Amino acid sequence: MIRFILLQNRQGKTRLAKYYIPLEDSEKHKLEYEVHRLVVNRDPKFTNFVEFRTHKVIYRRYAGLFFSMCVDITDNELAYLESIHLFVEILDHFFSNVCELDLVFNFHKVQVTSGYL
């Protein structure tokens, strides 16, 4: 089961956060900070799957954006990695080669598109 989805830039600014579990705002900010530190400092030679607390974070970097999903430890990593890629393909279809500014200035489209995950 997906716990949350994050789209963050290299500086740690969250461009989209979608939570599928109830969390306090302070816990959400703490999670965003921890996930960013986890994925941005990770060597590109390593896999895109990393254990996080009692769950697993699957992430992928496209240009300057990190697409991260937190899922249950027993879930299939490759299926979620493929869903991240599908989400990027959908965004590319909407924006014709998506970039970070598209996410900022067309947030409403991105929010609707994230409902497909």
# chains A, B, ... in the order shown; residues from 1 in each chain; ligands from 1
$ residues_around --residues "Ile58 in chain A" --least-positions-apart "3" --cutoff "6 Å" --atoms "only C-alpha atoms" --output "PyMOL selection string"
chain A and resi 48-49+68-69
$ write_last_selection --atoms "N, CA, C and O atoms" --output "compact mmCIF listing (two decimals), in the first residue's frame"
# COMPACT_ATOMS: atom_id res chain seq x y z
N ASN A 48 17.28 2.12 -6.44
CA ASN A 48 16.33 3.19 -6.15
C ASN A 48 15.36 2.79 -5.05
O ASN A 48 14.30 3.38 -4.92
N PHE A 49 15.70 1.77 -4.28
CA PHE A 49 14.86 1.31 -3.18
C PHE A 49 15.67 1.43 -1.90
O PHE A 49 16.82 1.02 -1.86
N SER A 68 9.29 10.30 -5.23
CA SER A 68 9.45 9.31 -4.17
C SER A 68 8.10 8.77 -3.73
O SER A 68 7.12 9.51 -3.63
N MET A 69 8.08 7.47 -3.44
CA MET A 69 6.89 6.82 -2.90
C MET A 69 7.30 6.02 -1.68
O MET A 69 8.31 5.32 -1.71
$ residues_around --residues "Val39 in chain A" --least-positions-apart "6" --cutoff "9 Å" --atoms "only C-alpha atoms" --output "PyMOL selection string"
chain A and resi 48+50+57+59-60+66+68
$ closest_atom_pairs --of "range 32-113 of chain A" --to "range 4-26 of chain A" --cutoff "8 Å" --atoms "only C-alpha atoms" --output "CSV"
residue,atom,partner,partner_atom,distance
A:Glu32,CA,A:Thr14,CA,7.4
A:Tyr33,CA,A:Gly12,CA,7.2
A:His36,CA,A:Gly12,CA,5.9
A:Val40,CA,A:Arg10,CA,6.8
A:Gly64,CA,A:Asn9,CA,5.7
A:Leu65,CA,A:Asn9,CA,4.5
A:Phe66,CA,A:Gln8,CA,5.2
A:Phe67,CA,A:Leu7,CA,4.7
A:Ser68,CA,A:Leu6,CA,5.1
A:Met69,CA,A:Ile5,CA,4.5
A:Cys70,CA,A:Phe4,CA,5.4
A:Val71,CA,A:Phe4,CA,7.5
A:Glu100,CA,A:Asn9,CA,7.8
A:Leu103,CA,A:Arg15,CA,6.8
A:Val104,CA,A:Arg15,CA,6.8
A:Gln111,CA,A:Leu16,CA,7.6
$ atom_distance --atom1 "CA of Ile2 in chain A" --atom2 "CA of His85 in chain A"
15.6 Å
$ atom_distance --atom1 "CA of Leu86 in chain A" --atom2 "CA of Lys30 in chain A"
27.4 Å
$ select_by_dssp --residues "chain A" --states "helix (DSSP H, G or I)" --output "VMD selection string"
chain A and resid 25 to 40 77 to 95 100 to 105 107 to 116
$ select_by_dssp --residues "chain A" --states "strand (DSSP E)" --output "JSON, numbers by chain"
{"A": [2, 3, 4, 5, 6, 7, 8, 9, 14, 15, 16, 17, 18, 19, 49, 50, 51, 52, 55, 56, 57, 58, 59, 60, 61, 62, 65, 66, 67, 68, 69, 70, 71, 72]}
$ atom_distance --atom1 "CA of Asp72 in chain A" --atom2 "CA of Thr54 in chain A"
7.8 Å
$ decode --residues "range 47-58 of chain A" --atoms "all heavy atoms" --output "short mmCIF file (atom, residue, chain, number, x, y, z; two decimals), in the first residue's frame"
data_model
loop_
_atom_site.label_atom_id
_atom_site.label_comp_id
_atom_site.auth_asym_id
_atom_site.auth_seq_id
_atom_site.Cartn_x
_atom_site.Cartn_y
_atom_site.Cartn_z
N THR A 47 20.68 1.05 -5.75
CA THR A 47 19.32 0.87 -6.25
C THR A 47 18.44 2.05 -5.85
O THR A 47 18.81 2.85 -4.99
CB THR A 47 18.69 -0.41 -5.69
OG1 THR A 47 18.57 -0.27 -4.26
CG2 THR A 47 19.51 -1.63 -6.03
N ASN A 48 17.28 2.12 -6.44
CA ASN A 48 16.33 3.19 -6.15
C ASN A 48 15.36 2.79 -5.05
O ASN A 48 14.30 3.38 -4.92
CB ASN A 48 15.55 3.56 -7.41
CG ASN A 48 16.43 4.21 -8.44
OD1 ASN A 48 17.65 4.19 -8.34
ND2 ASN A 48 15.82 4.80 -9.43
N PHE A 49 15.70 1.77 -4.28
CA PHE A 49 14.86 1.31 -3.18
C PHE A 49 15.67 1.43 -1.90
O PHE A 49 16.82 1.02 -1.86
CB PHE A 49 14.46 -0.15 -3.35
CG PHE A 49 14.18 -0.56 -4.77
CD1 PHE A 49 14.85 -1.63 -5.33
CD2 PHE A 49 13.27 0.12 -5.54
CE1 PHE A 49 14.60 -2.01 -6.62
CE2 PHE A 49 13.02 -0.25 -6.84
CZ PHE A 49 13.68 -1.33 -7.38
N VAL A 50 15.06 1.97 -0.87
CA VAL A 50 15.77 2.11 0.40
C VAL A 50 14.77 1.94 1.55
O VAL A 50 13.62 2.39 1.46
CB VAL A 50 16.51 3.46 0.49
CG1 VAL A 50 15.56 4.62 0.42
CG2 VAL A 50 17.38 3.54 1.70
N GLU A 51 15.20 1.23 2.58
CA GLU A 51 14.34 1.06 3.75
C GLU A 51 14.25 2.37 4.51
O GLU A 51 15.24 3.07 4.68
CB GLU A 51 14.87 -0.06 4.64
CG GLU A 51 14.69 -1.42 4.04
CD GLU A 51 15.07 -2.54 4.99
OE1 GLU A 51 15.19 -2.28 6.20
OE2 GLU A 51 15.25 -3.65 4.50
N PHE A 52 13.04 2.67 4.97
CA PHE A 52 12.77 3.92 5.67
C PHE A 52 11.82 3.61 6.81
O PHE A 52 10.66 3.25 6.58
CB PHE A 52 12.15 4.93 4.70
CG PHE A 52 11.74 6.22 5.32
CD1 PHE A 52 12.69 7.12 5.77
CD2 PHE A 52 10.41 6.56 5.45
CE1 PHE A 52 12.32 8.32 6.35
CE2 PHE A 52 10.02 7.75 6.02
CZ PHE A 52 10.98 8.64 6.47
N ARG A 53 12.33 3.73 8.02
CA ARG A 53 11.55 3.37 9.22
C ARG A 53 11.07 1.94 9.06
O ARG A 53 11.88 1.04 8.93
CB ARG A 53 10.43 4.36 9.45
CG ARG A 53 10.92 5.78 9.72
CD ARG A 53 9.79 6.70 10.02
NE ARG A 53 10.29 8.06 10.25
CZ ARG A 53 9.51 9.06 10.49
NH1 ARG A 53 8.20 8.89 10.55
NH2 ARG A 53 10.01 10.26 10.69
N THR A 54 9.77 1.72 9.08
CA THR A 54 9.25 0.35 8.92
C THR A 54 8.69 0.13 7.52
O THR A 54 7.97 -0.83 7.29
CB THR A 54 8.15 0.06 9.96
OG1 THR A 54 7.10 1.01 9.78
CG2 THR A 54 8.71 0.13 11.36
N HIS A 55 9.02 1.03 6.59
CA HIS A 55 8.51 0.95 5.23
C HIS A 55 9.67 0.99 4.24
O HIS A 55 10.82 0.84 4.63
CB HIS A 55 7.54 2.10 4.97
CG HIS A 55 6.41 2.16 5.94
ND1 HIS A 55 5.45 1.20 6.00
CD2 HIS A 55 6.11 3.05 6.92
CE1 HIS A 55 4.59 1.50 6.96
NE2 HIS A 55 4.98 2.62 7.53
N LYS A 56 9.33 1.22 3.00
CA LYS A 56 10.32 1.28 1.93
C LYS A 56 10.05 2.52 1.09
O LYS A 56 8.89 2.84 0.82
CB LYS A 56 10.15 0.03 1.07
CG LYS A 56 11.35 -0.46 0.40
CD LYS A 56 11.17 -1.75 -0.35
CE LYS A 56 9.93 -2.53 -0.12
NZ LYS A 56 9.92 -3.84 -0.76
N VAL A 57 11.11 3.22 0.71
CA VAL A 57 10.97 4.37 -0.19
C VAL A 57 11.52 3.95 -1.55
O VAL A 57 12.65 3.48 -1.66
CB VAL A 57 11.72 5.61 0.33
CG1 VAL A 57 11.75 6.71 -0.72
CG2 VAL A 57 11.07 6.12 1.60
N ILE A 58 10.69 4.13 -2.56
CA ILE A 58 11.09 3.90 -3.95
C ILE A 58 11.14 5.27 -4.59
O ILE A 58 10.18 6.04 -4.47
CB ILE A 58 10.09 2.98 -4.69
CG1 ILE A 58 10.17 1.57 -4.10
CG2 ILE A 58 10.41 2.91 -6.16
CD1 ILE A 58 9.02 1.20 -3.30
#
